[in-house]
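What follows is protein-v1.pdb (PDB, C-alpha atoms and all ligand atoms).
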```pdb
ATOM      1  CA  MET Z   1     -16.812  -6.393   3.607
ATOM      2  CA  SER Z   2     -13.960  -4.186   2.406
ATOM      3  CA  PHE Z   3     -10.857  -3.549   4.486
ATOM      4  CA  SER Z   4     -11.966   0.096   4.865
ATOM      5  CA  TYR Z   5     -15.322  -0.988   6.234
ATOM      6  CA  ASN Z   6     -13.701  -3.215   8.834
ATOM      7  CA  VAL Z   7     -11.320  -0.471   9.973
ATOM      8  CA  LYS Z   8     -14.246   1.953  10.367
ATOM      9  CA  GLU Z   9     -16.231  -0.650  12.222
ATOM     10  CA  GLU Z  10     -13.385  -1.121  14.696
ATOM     11  CA  LEU Z  11     -12.899   2.633  15.133
ATOM     12  CA  SER Z  12     -16.630   3.117  15.706
ATOM     13  CA  ARG Z  13     -16.525   0.851  18.732
ATOM     14  CA  LEU Z  14     -13.618   2.577  20.530
ATOM     15  CA  SER Z  15     -14.289   4.392  23.735
ATOM     16  CA  SER Z  16     -12.582   7.725  24.326
ATOM     17  CA  SER Z  17     -12.357  10.555  26.845
ATOM     18  CA  ILE Z  18     -14.369  13.798  26.611
ATOM     19  CA  CYS Z  19     -11.489  15.891  25.219
ATOM     20  CA  CYS Z  20     -10.948  13.359  22.436
ATOM     21  CA  GLN Z  21     -14.648  13.054  21.684
ATOM     22  CA  ARG Z  22     -14.789  16.748  20.811
ATOM     23  CA  ALA Z  23     -11.726  16.528  18.604
ATOM     24  CA  GLU Z  24     -13.128  13.491  16.796
ATOM     25  CA  LEU Z  25     -16.523  15.099  16.328
ATOM     26  CA  ALA Z  26     -15.009  18.348  15.029
ATOM     27  CA  SER Z  27     -13.026  16.410  12.473
ATOM     28  CA  LEU Z  28     -15.982  14.210  11.501
ATOM     29  CA  VAL Z  29     -18.243  17.218  11.013
ATOM     30  CA  ARG Z  30     -15.673  18.992   8.858
ATOM     31  CA  MET Z  31     -15.013  15.909   6.720
ATOM     32  CA  ALA Z  32     -18.548  14.581   6.276
ATOM     33  CA  GLY Z  33     -20.752  17.499   7.248
ATOM     34  CA  SER Z  34     -22.337  20.267   5.232
ATOM     35  CA  ILE Z  35     -24.599  23.206   5.987
ATOM     36  CA  LYS Z  36     -27.916  23.198   4.178
ATOM     37  CA  ILE Z  37     -29.701  26.494   3.785
ATOM     38  CA  PHE Z  38     -33.333  26.758   2.756
ATOM     39  CA  GLY Z  39     -35.579  29.739   2.195
ATOM     40  CA  GLY Z  40     -32.934  32.457   2.534
ATOM     41  CA  LYS Z  41     -31.433  31.404   5.837
ATOM     42  CA  LYS Z  42     -34.837  30.827   7.400
ATOM     43  CA  LYS Z  43     -34.023  27.194   7.654
ATOM     44  CA  ILE Z  44     -30.461  26.125   8.217
ATOM     45  CA  PHE Z  45     -29.288  22.796   9.347
ATOM     46  CA  LEU Z  46     -26.192  20.719   9.572
ATOM     47  CA  GLN Z  47     -26.161  17.474   7.694
ATOM     48  CA  ILE Z  48     -23.628  14.728   8.194
ATOM     49  CA  GLN Z  49     -23.742  11.949   5.637
ATOM     50  CA  THR Z  50     -22.225   8.507   5.689
ATOM     51  CA  VAL Z  51     -22.902   5.178   3.992
ATOM     52  CA  HIS Z  52     -21.434   3.347   6.940
ATOM     53  CA  ALA Z  53     -23.920   2.322   9.634
ATOM     54  CA  PRO Z  54     -21.436   1.997  12.545
ATOM     55  CA  THR Z  55     -20.094   5.493  11.769
ATOM     56  CA  ALA Z  56     -23.636   6.896  11.775
ATOM     57  CA  ARG Z  57     -24.251   5.303  15.168
ATOM     58  CA  ARG Z  58     -21.003   6.761  16.493
ATOM     59  CA  ILE Z  59     -21.835  10.278  15.272
ATOM     60  CA  TYR Z  60     -25.253   9.995  16.853
ATOM     61  CA  LYS Z  61     -23.812   8.864  20.176
ATOM     62  CA  LEU Z  62     -21.089  11.537  20.218
ATOM     63  CA  LEU Z  63     -23.635  14.251  19.467
ATOM     64  CA  ARG Z  64     -26.060  13.065  22.131
ATOM     65  CA  LYS Z  65     -23.332  12.755  24.744
ATOM     66  CA  ASN Z  66     -21.698  16.111  24.069
ATOM     67  CA  PHE Z  67     -24.520  18.392  23.016
ATOM     68  CA  ASN Z  68     -27.697  17.012  24.395
ATOM     69  CA  SER Z  69     -29.618  18.325  21.410
ATOM     70  CA  PRO Z  70     -32.236  16.546  19.365
ATOM     71  CA  VAL Z  71     -30.571  14.719  16.510
ATOM     72  CA  GLN Z  72     -32.452  13.261  13.582
ATOM     73  CA  ILE Z  73     -31.268  10.323  11.553
ATOM     74  CA  ALA Z  74     -32.783   9.520   8.174
ATOM     75  CA  VAL Z  75     -31.871   6.539   6.037
ATOM     76  CA  LYS Z  76     -31.950   6.778   2.253
ATOM     77  CA  ARG Z  77     -31.667   3.856  -0.062
ATOM     78  CA  ASN Z  78     -31.824   3.928  -3.841
ATOM     79  CA  SER Z  79     -30.271   2.479  -6.958
ATOM     80  CA  PHE Z  80     -27.997   5.511  -7.359
ATOM     81  CA  LEU Z  81     -26.275   4.476  -4.129
ATOM     82  CA  LYS Z  82     -25.810   0.958  -5.487
ATOM     83  CA  ASP Z  83     -27.971  -0.540  -2.760
ATOM     84  CA  LYS Z  84     -25.950   1.076   0.007
ATOM     85  CA  SER Z  85     -27.822   2.967   2.676
ATOM     86  CA  LEU Z  86     -27.066   6.636   3.179
ATOM     87  CA  TYR Z  87     -27.434   7.856   6.743
ATOM     88  CA  ILE Z  88     -28.240  11.531   7.087
ATOM     89  CA  ILE Z  89     -27.816  13.004  10.528
ATOM     90  CA  SER Z  90     -29.242  16.477  10.928
ATOM     91  CA  LEU Z  91     -29.596  19.196  13.529
ATOM     92  CA  ASP Z  92     -31.678  22.340  13.162
ATOM     93  CA  ILE Z  93     -30.365  25.891  13.211
ATOM     94  CA  ASN Z  94     -30.058  26.610  16.934
ATOM     95  CA  ASP Z  95     -28.591  23.256  17.891
ATOM     96  CA  CYS Z  96     -26.370  23.528  14.881
ATOM     97  CA  LYS Z  97     -24.972  26.887  16.046
ATOM     98  CA  VAL Z  98     -24.335  25.560  19.547
ATOM     99  CA  LEU Z  99     -22.599  22.514  18.142
ATOM    100  CA  LEU Z 100     -20.402  24.329  15.650
ATOM    101  CA  LYS Z 101     -19.433  27.006  18.168
ATOM    102  CA  GLY Z 102     -18.702  24.331  20.737
ATOM    103  CA  LEU Z 103     -16.454  22.552  18.297
ATOM    104  CA  GLY Z 104     -14.798  25.823  17.332
ATOM    105  CA  ILE Z 105     -15.688  25.455  13.680
ATOM    106  CA  LEU Z 106     -18.072  28.329  13.150
ATOM    107  CA  PRO Z 107     -16.402  31.470  11.821
ATOM    108  CA  ALA Z 108     -17.018  34.847  13.431
ATOM    109  CA  GLY Z 109     -20.070  36.775  12.314
ATOM    110  CA  ASP Z 110     -23.147  35.392  10.675
ATOM    111  CA  SER Z 111     -21.412  33.148   8.190
ATOM    112  CA  PHE Z 112     -22.139  29.455   8.173
ATOM    113  CA  GLU Z 113     -19.253  28.439   5.945
ATOM    114  CA  PHE Z 114     -17.063  26.464   8.252
ATOM    115  CA  GLN Z 115     -14.836  25.478   5.355
ATOM    116  CA  LYS Z 116     -13.182  28.897   5.623
ATOM    117  CA  THR Z 117     -12.277  28.473   9.274
ATOM    118  CA  ILE Z 118      -8.877  27.389  10.509
ATOM    119  CA  VAL Z 119      -9.083  24.307  12.725
ATOM    120  CA  ASN Z 120      -9.046  25.456  16.350
ATOM    121  CA  PRO Z 121      -5.550  24.630  17.715
ATOM    122  CA  GLU Z 122      -6.955  24.235  21.243
ATOM    123  CA  LEU Z 123      -8.872  21.227  20.017
ATOM    124  CA  ILE Z 124      -5.754  19.327  18.992
ATOM    125  CA  LYS Z 125      -3.295  20.447  21.634
ATOM    126  CA  LYS Z 126      -3.030  17.093  23.364
ATOM    127  CA  ARG Z 127      -1.591  14.020  21.696
ATOM    128  CA  CYS Z 128      -4.647  11.896  22.561
ATOM    129  CA  CYS Z 129      -6.862  14.484  20.861
ATOM    130  CA  ARG Z 130      -4.656  14.619  17.766
ATOM    131  CA  ARG Z 131      -5.102  10.867  17.414
ATOM    132  CA  ALA Z 132      -8.861  11.262  17.836
ATOM    133  CA  PHE Z 133      -8.897  14.007  15.198
ATOM    134  CA  VAL Z 134      -7.274  11.706  12.623
ATOM    135  CA  ARG Z 135      -9.741   8.969  13.599
ATOM    136  CA  GLY Z 136     -12.666  11.342  13.027
ATOM    137  CA  ALA Z 137     -11.268  12.313   9.629
ATOM    138  CA  PHE Z 138     -10.970   8.670   8.614
ATOM    139  CA  LEU Z 139     -14.502   7.872   9.778
ATOM    140  CA  GLY Z 140     -15.763  10.948   7.961
ATOM    141  CA  SER Z 141     -14.179  10.406   4.548
ATOM    142  CA  GLY Z 142     -11.175   8.136   4.724
ATOM    143  CA  SER Z 143     -10.463   4.880   2.949
ATOM    144  CA  ILE Z 144      -7.740   2.272   2.893
ATOM    145  CA  SER Z 145      -6.923  -0.338   0.228
ATOM    146  CA  ASN Z 146      -6.643  -3.996   1.020
ATOM    147  CA  PRO Z 147      -2.924  -4.607   1.720
ATOM    148  CA  ARG Z 148      -2.927  -7.511  -0.756
ATOM    149  CA  GLY Z 149      -2.856  -4.831  -3.470
ATOM    150  CA  PRO Z 150      -0.791  -1.647  -3.590
ATOM    151  CA  TYR Z 151      -0.535   0.195  -0.254
ATOM    152  CA  HIS Z 152      -2.844   3.197  -0.222
ATOM    153  CA  MET Z 153      -4.738   5.212   2.358
ATOM    154  CA  GLU Z 154      -6.576   8.458   1.672
ATOM    155  CA  PHE Z 155      -8.789  11.188   3.077
ATOM    156  CA  VAL Z 156     -10.882  13.416   0.823
ATOM    157  CA  THR Z 157     -12.197  16.851   1.707
ATOM    158  CA  PRO Z 158     -13.262  20.012  -0.131
ATOM    159  CA  ASP Z 159     -11.968  22.004   2.861
ATOM    160  CA  LYS Z 160      -8.470  23.408   2.211
ATOM    161  CA  ASN Z 161      -7.818  24.358   5.837
ATOM    162  CA  MET Z 162      -8.866  20.927   6.969
ATOM    163  CA  ALA Z 163      -6.606  19.285   4.371
ATOM    164  CA  GLU Z 164      -3.616  21.311   5.537
ATOM    165  CA  THR Z 165      -4.317  20.657   9.206
ATOM    166  CA  LEU Z 166      -4.674  16.944   8.570
ATOM    167  CA  ILE Z 167      -1.372  16.710   6.686
ATOM    168  CA  LYS Z 168       0.433  18.594   9.451
ATOM    169  CA  LEU Z 169      -1.128  16.378  12.079
ATOM    170  CA  ILE Z 170      -0.354  13.085  10.342
ATOM    171  CA  ASN Z 171       3.199  14.209   9.620
ATOM    172  CA  SER Z 172       3.654  15.312  13.240
ATOM    173  CA  PHE Z 173       3.590  11.602  14.118
ATOM    174  CA  GLY Z 174       6.693  11.124  11.964
ATOM    175  CA  LEU Z 175       4.718   9.892   8.953
ATOM    176  CA  LYS Z 176       4.665  11.157   5.393
ATOM    177  CA  SER Z 177       1.337  12.160   3.852
ATOM    178  CA  LYS Z 178       0.889  14.211   0.694
ATOM    179  CA  LYS Z 179      -1.896  16.186  -0.897
ATOM    180  CA  VAL Z 180      -3.250  16.435  -4.438
ATOM    181  CA  GLU Z 181      -5.967  18.761  -5.643
ATOM    182  CA  ARG Z 182      -8.692  17.074  -7.651
ATOM    183  CA  LYS Z 183     -11.578  19.060  -9.088
ATOM    184  CA  ASN Z 184     -13.033  20.709  -5.987
ATOM    185  CA  ASN Z 185     -11.472  18.303  -3.542
ATOM    186  CA  TYR Z 186      -8.197  17.726  -1.786
ATOM    187  CA  MET Z 187      -6.955  14.193  -1.433
ATOM    188  CA  ILE Z 188      -4.511  13.506   1.389
ATOM    189  CA  TYR Z 189      -2.807  10.181   0.870
ATOM    190  CA  LEU Z 190      -0.173   7.797   2.195
ATOM    191  CA  LYS Z 191       1.582   5.169   0.053
ATOM    192  CA  ASP Z 192       4.139   3.687   2.405
ATOM    193  CA  GLY Z 193       3.020   0.383   3.976
ATOM    194  CA  ASP Z 194       4.926   1.068   7.217
ATOM    195  CA  HIS Z 195       3.368   4.508   7.575
ATOM    196  CA  ILE Z 196      -0.163   3.288   6.878
ATOM    197  CA  SER Z 197       0.324   0.561   9.425
ATOM    198  CA  ASP Z 198       1.534   3.137  11.984
ATOM    199  CA  LEU Z 199      -1.431   5.377  11.278
ATOM    200  CA  LEU Z 200      -3.849   2.504  11.900
ATOM    201  CA  GLY Z 201      -2.271   2.164  15.335
ATOM    202  CA  ILE Z 202      -2.381   5.930  15.950
ATOM    203  CA  MET Z 203      -6.114   5.972  15.189
ATOM    204  CA  GLY Z 204      -6.600   3.064  17.582
ATOM    205  CA  ALA Z 205      -7.437   0.351  15.026
ATOM    206  CA  HIS Z 206      -5.190  -2.278  16.619
ATOM    207  CA  ASN Z 207      -6.964  -5.373  15.284
ATOM    208  CA  SER Z 208      -6.942  -3.971  11.772
ATOM    209  CA  LEU Z 209      -3.247  -3.168  12.191
ATOM    210  CA  LEU Z 210      -2.507  -6.825  13.035
ATOM    211  CA  LYS Z 211      -4.458  -8.019  10.000
ATOM    212  CA  TYR Z 212      -2.675  -5.474   7.819
ATOM    213  CA  GLU Z 213       0.707  -6.675   9.068
ATOM    214  CA  ASP Z 214      -0.188 -10.366   8.571
ATOM    215  CA  VAL Z 215      -0.966  -9.762   4.914
ATOM    216  CA  ARG Z 216       2.153  -7.634   4.474
ATOM    217  CA  VAL Z 217       4.452 -10.274   5.961
ATOM    218  CA  LEU Z 218       3.010 -12.959   3.665
ATOM    219  CA  LYS Z 219       3.284 -10.670   0.661
ATOM    220  CA  ASP Z 220       6.893  -9.722   1.420
ATOM    221  CA  MET Z 221       7.817 -13.367   1.858
ATOM    222  CA  ARG Z 222       6.198 -14.324  -1.432
ATOM    223  CA  ASN Z 223       8.030 -11.480  -3.178
ATOM    224  CA  SER Z 224      11.418 -12.473  -1.852
ATOM    225  CA  VAL Z 225      10.845 -16.140  -2.760
ATOM    226  CA  ASN Z 226       9.905 -15.037  -6.283
ATOM    227  CA  ARG Z 227      13.026 -12.889  -6.480
ATOM    228  CA  MET Z 228      15.165 -15.808  -5.384
ATOM    229  CA  VAL Z 229      13.557 -18.197  -7.891
ATOM    230  CA  ASN Z 230      14.020 -15.675 -10.711
ATOM    231  CA  CYS Z 231      17.654 -15.238  -9.808
ATOM    232  CA  GLU Z 232      18.307 -18.971  -9.717
ATOM    233  CA  THR Z 233      16.473 -19.487 -12.997
ATOM    234  CA  ALA Z 234      18.674 -16.852 -14.628
ATOM    235  CA  ASN Z 235      21.842 -18.587 -13.404
ATOM    236  CA  LEU Z 236      20.539 -21.966 -14.480
ATOM    237  CA  ASN Z 237      19.759 -20.643 -17.956
ATOM    238  CA  LYS Z 238      23.307 -19.340 -18.279
ATOM    239  CA  THR Z 239      24.717 -22.761 -17.263
ATOM    240  CA  ILE Z 240      22.491 -24.605 -19.734
ATOM    241  CA  ASP Z 241      23.403 -22.203 -22.562
ATOM    242  CA  ALA Z 242      27.096 -22.780 -21.912
ATOM    243  CA  ALA Z 243      26.687 -26.587 -21.867
ATOM    244  CA  VAL Z 244      24.767 -26.565 -25.153
ATOM    245  CA  ARG Z 245      27.492 -24.417 -26.745
ATOM    246  CA  GLN Z 246      30.251 -26.753 -25.525
ATOM    247  CA  ILE Z 247      28.445 -29.874 -26.757
ATOM    248  CA  ASN Z 248      27.872 -28.361 -30.205
ATOM    249  CA  CYS Z 249      31.582 -27.558 -30.522
ATOM    250  CA  ILE Z 250      32.639 -31.065 -29.474
ATOM    251  CA  LYS Z 251      30.202 -32.645 -31.944
ATOM    252  CA  TYR Z 252      31.470 -30.351 -34.679
ATOM    253  CA  LEU Z 253      35.058 -31.475 -34.082
ATOM    254  CA  LYS Z 254      33.957 -35.123 -34.188
ATOM    255  CA  ASP Z 255      31.943 -34.635 -37.390
ATOM    256  CA  ASN Z 256      35.009 -33.061 -39.016
ATOM    257  CA  ASN Z 257      37.398 -35.762 -37.845
ATOM    258  CA  MET Z 258      39.342 -33.322 -35.709
ATOM    259  CA  PHE Z 259      38.481 -34.815 -32.343
ATOM    260  CA  ASP Z 260      41.326 -37.326 -32.287
ATOM    261  CA  ASP Z 261      43.840 -34.531 -32.806
ATOM    262  CA  LEU Z 262      42.958 -33.042 -29.410
ATOM    263  CA  SER Z 263      45.225 -33.639 -26.429
ATOM    264  CA  ASP Z 264      44.186 -36.372 -23.980
ATOM    265  CA  ASN Z 265      43.259 -33.745 -21.366
ATOM    266  CA  LEU Z 266      40.828 -32.099 -23.738
ATOM    267  CA  LYS Z 267      39.450 -35.390 -25.018
ATOM    268  CA  ASP Z 268      38.708 -36.590 -21.479
ATOM    269  CA  ILE Z 269      36.760 -33.529 -20.471
ATOM    270  CA  ALA Z 270      34.951 -33.470 -23.844
ATOM    271  CA  GLU Z 271      33.766 -37.080 -23.445
ATOM    272  CA  LEU Z 272      32.537 -36.323 -19.929
ATOM    273  CA  ARG Z 273      30.662 -33.243 -21.135
ATOM    274  CA  LEU Z 274      28.908 -35.289 -23.838
ATOM    275  CA  GLU Z 275      27.981 -37.998 -21.377
ATOM    276  CA  TYR Z 276      26.787 -35.649 -18.610
ATOM    277  CA  PRO Z 277      25.322 -32.555 -20.275
ATOM    278  CA  ASP Z 278      23.598 -31.328 -17.113
ATOM    279  CA  LEU Z 279      26.522 -31.489 -14.682
ATOM    280  CA  SER Z 280      28.181 -28.315 -13.448
ATOM    281  CA  LEU Z 281      31.821 -27.573 -14.248
ATOM    282  CA  LYS Z 282      32.776 -28.369 -10.680
ATOM    283  CA  GLU Z 283      31.046 -31.760 -10.833
ATOM    284  CA  LEU Z 284      32.708 -32.587 -14.162
ATOM    285  CA  GLY Z 285      36.106 -31.739 -12.655
ATOM    286  CA  GLN Z 286      35.518 -34.113  -9.776
ATOM    287  CA  MET Z 287      35.058 -37.006 -12.224
ATOM    288  CA  LEU Z 288      38.542 -36.516 -13.662
ATOM    289  CA  ASP Z 289      41.619 -38.302 -12.347
ATOM    290  CA  PRO Z 290      43.338 -36.297 -10.904
ATOM    291  CA  ILE Z 291      40.470 -34.028  -9.873
ATOM    292  CA  LEU Z 292      40.416 -30.689 -11.657
ATOM    293  CA  GLY Z 293      38.973 -27.429 -10.229
ATOM    294  CA  LYS Z 294      36.149 -25.441 -11.780
ATOM    295  CA  SER Z 295      38.425 -22.892 -13.459
ATOM    296  CA  GLY Z 296      40.606 -25.660 -14.906
ATOM    297  CA  VAL Z 297      37.555 -27.367 -16.438
ATOM    298  CA  SER Z 298      36.309 -24.038 -17.730
ATOM    299  CA  TYR Z 299      39.722 -23.379 -19.365
ATOM    300  CA  ARG Z 300      39.809 -26.740 -21.132
ATOM    301  CA  LEU Z 301      36.245 -26.444 -22.434
ATOM    302  CA  LYS Z 302      36.978 -22.896 -23.646
ATOM    303  CA  THR Z 303      40.046 -24.230 -25.479
ATOM    304  CA  ILE Z 304      37.866 -26.828 -27.227
ATOM    305  CA  GLU Z 305      35.399 -24.119 -28.197
ATOM    306  CA  ASN Z 306      38.207 -21.964 -29.589
ATOM    307  CA  ILE Z 307      39.577 -24.817 -31.700
ATOM    308  CA  ALA Z 308      36.098 -25.530 -33.076
ATOM    309  CA  HIS Z 309      35.491 -21.843 -33.829
ATOM    310  CA  LYS Z 310      38.847 -21.541 -35.664
ATOM    311  CA  LEU Z 311      37.964 -24.525 -37.800
ATOM    312  CA  GLN Z 312      34.536 -23.138 -38.510
ATOM    313  CA  SER Z 313      35.905 -19.766 -39.586
ATOM    314  CA  ARG Z 314      38.550 -21.407 -41.758
ATOM    315  CA  LYS Z 315      35.802 -23.315 -43.528
ATOM    316  CA  GLY Z 316      33.744 -20.163 -43.721
ATOM    317  CA  GLU Z 317      31.008 -21.630 -41.596
ATOM    318  CA  LEU Z 318      31.092 -19.058 -38.813
TER     319      LEU Z 318
HETATM  320 ZN    ZN N 401      -7.920  13.903  24.283
END
```
Let's see the structure in the file written out as structure tokens.
Amino acid sequence: MSFSYNVKEELSRLSSSICCQRAELASLVRMAGSIKIFGGKKKIFLQIQTVHAPTARRIYKLLRKNFNSPVQIAVKRNSFLKDKSLYIISLDINDCKVLLKGLGILPAGDSFEFQKTIVNPELIKKRCCRRAFVRGAFLGSGSISNPRGPYHMEFVTPDKNMAETLIKLINSFGLKSKKVERKNNYMIYLKDGDHISDLLGIMGAHNSLLKYEDVRVLKDMRNSVNRMVNCETANLNKTIDAAVRQINCIKYLKDNNMFDDLSDNLKDIAELRLEYPDLSLKELGQMLDPILGKSGVSYRLKTIENIAHKLQSRKGEL
């Protein structure tokens, strides 16, 4: 099961108070519902669609509890849906009017286009109800990526007013959500792992939040270990490059019978370098008598390199 599915499953099982139930239902209906009109308004009904069985059960329960009207559920399954079941919850015209008026999402007059209505502010006055509203939106058409990949959470709706309300609501919790317009839809999304995690908690998905955080902690740790290893590898490469350069210069001086002309100090450090190519400058210095510091060793090896380079350029080999 996907991470999204598990979050929805957890949200579907939450219990909530009556005020919140209405807010959640209003949001669910606006996100996943549509009005179907047949035969020139002779037959009108509200249809709420979802491919998620626990969400369908929740919608059914919320409707039964709050509106006491007959609700029909149909299940569709075909190859177009890639073997997923589509649950269609429908109410007929009268029940539909009662429901939409009760949820404050039916515009004045005879119109049935609730997409043109502003979300009723009464519905989301209380903090508990604002949380329920976001929960309903997620159940209706939200999704979240597995935290092992890039952090992403989104809500999709064709309803501009709903999109704007949702952004305001999410951001009122101190989070940052943004909106993009795509064909006939608005996508509201969050990209920040901390914010997504917070929103899971705000919706009431506490188990999912813990799982999300577990994966994030592991991922962060792995990233910082990788960063550390990369950094150390880079330093190591620099050290090896320097040692190879020094050894080449020393060998060049020997091949050209110039080695014996070096001072004893330089000869000593050169012999040590040849014998211990993988020791650090500090370690080489500690093998000298008297002990020489890192910068002293570095200076002597640089001097050897300079002598070798001068000889090379004099012979036209550089
Ligand atoms: Zn409430």
Selection within 8 Å of ligand ZN 401 (chain N) by all atoms listed in the file, output as a PyMOL selection string: chain Z and resi 16-21+23+124+126-130+132
Exercise: Ala53 (chain Z) partners within 9 Å, all atoms listed in the file, chain neighbours under 4 positions left out, as a ChimeraX atom specification: /Z:9,57-58,85-87
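CA of Ala26 (chain Z) to CA of Gly102 (chain Z) spans 9.1 Å [interatomic distance, one decimal].
Relative to CA of Lys315 (chain Z), CA of Leu262 (chain Z) is found at 18.6 Å.
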Edge lengths and centre, in Å to one decimal, as AutoDock Vina command-line options: that's what I need for the box along x, y and z that holds all listed atoms of region 89-106 of chain Z plus 8 Å on each side.
```
--center_x -23.2 --center_y 20.7 --center_z 15.6 --size_x 32.9 --size_y 31.3 --size_z 26.2
```
Give me the residues within 10 Å of Arg148 (chain Z) as a short mmCIF file (atom, residue, chain, number, x, y, z; two decimals) with C-alpha atoms, in the coordinates of the input, counting only C-alpha atoms and dropping any in the same chain fewer than 5 places off.
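Once everything was written out, this is part-v4.cif:
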```
data_model
loop_
_atom_site.label_atom_id
_atom_site.label_comp_id
_atom_site.auth_asym_id
_atom_site.auth_seq_id
_atom_site.Cartn_x
_atom_site.Cartn_y
_atom_site.Cartn_z
CA TYR Z 212 -2.68 -5.47 7.82
CA VAL Z 215 -0.97 -9.76 4.91
CA ARG Z 216 2.15 -7.63 4.47
CA LEU Z 218 3.01 -12.96 3.66
CA LYS Z 219 3.28 -10.67 0.66
#
```
Expansion of the PyMOL selection byres (((chain Z and resi 208) around 9) and not hetatm) into residues, as number ranges by chain: Z: 3, 6-7, 10, 197, 200-201, 205-207, 209-213
Output C-alpha atoms for every residue in the selection just made, as a PDB file, in the coordinates of the input.
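That gives us selection_19.pdb:
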```pdb
ATOM      1  CA  PHE Z   3     -10.857  -3.549   4.486  1.00  0.00           C
ATOM      2  CA  ASN Z   6     -13.701  -3.215   8.834  1.00  0.00           C
ATOM      3  CA  VAL Z   7     -11.320  -0.471   9.973  1.00  0.00           C
ATOM      4  CA  GLU Z  10     -13.385  -1.121  14.696  1.00  0.00           C
ATOM      5  CA  SER Z 197       0.324   0.561   9.425  1.00  0.00           C
ATOM      6  CA  LEU Z 200      -3.849   2.504  11.900  1.00  0.00           C
ATOM      7  CA  GLY Z 201      -2.271   2.164  15.335  1.00  0.00           C
ATOM      8  CA  ALA Z 205      -7.437   0.351  15.026  1.00  0.00           C
ATOM      9  CA  HIS Z 206      -5.190  -2.278  16.619  1.00  0.00           C
ATOM     10  CA  ASN Z 207      -6.964  -5.373  15.284  1.00  0.00           C
ATOM     11  CA  LEU Z 209      -3.247  -3.168  12.191  1.00  0.00           C
ATOM     12  CA  LEU Z 210      -2.507  -6.825  13.035  1.00  0.00           C
ATOM     13  CA  LYS Z 211      -4.458  -8.019  10.000  1.00  0.00           C
ATOM     14  CA  TYR Z 212      -2.675  -5.474   7.819  1.00  0.00           C
ATOM     15  CA  GLU Z 213       0.707  -6.675   9.068  1.00  0.00           C
TER      16      GLU Z 213
END
```
Residue members of the PyMOL selection byres (((chain Z and resi 152) around 8) and not hetatm) in the file shown, as a PyMOL selection string: chain Z and resi 144-145+150-151+153-154+189-193+196
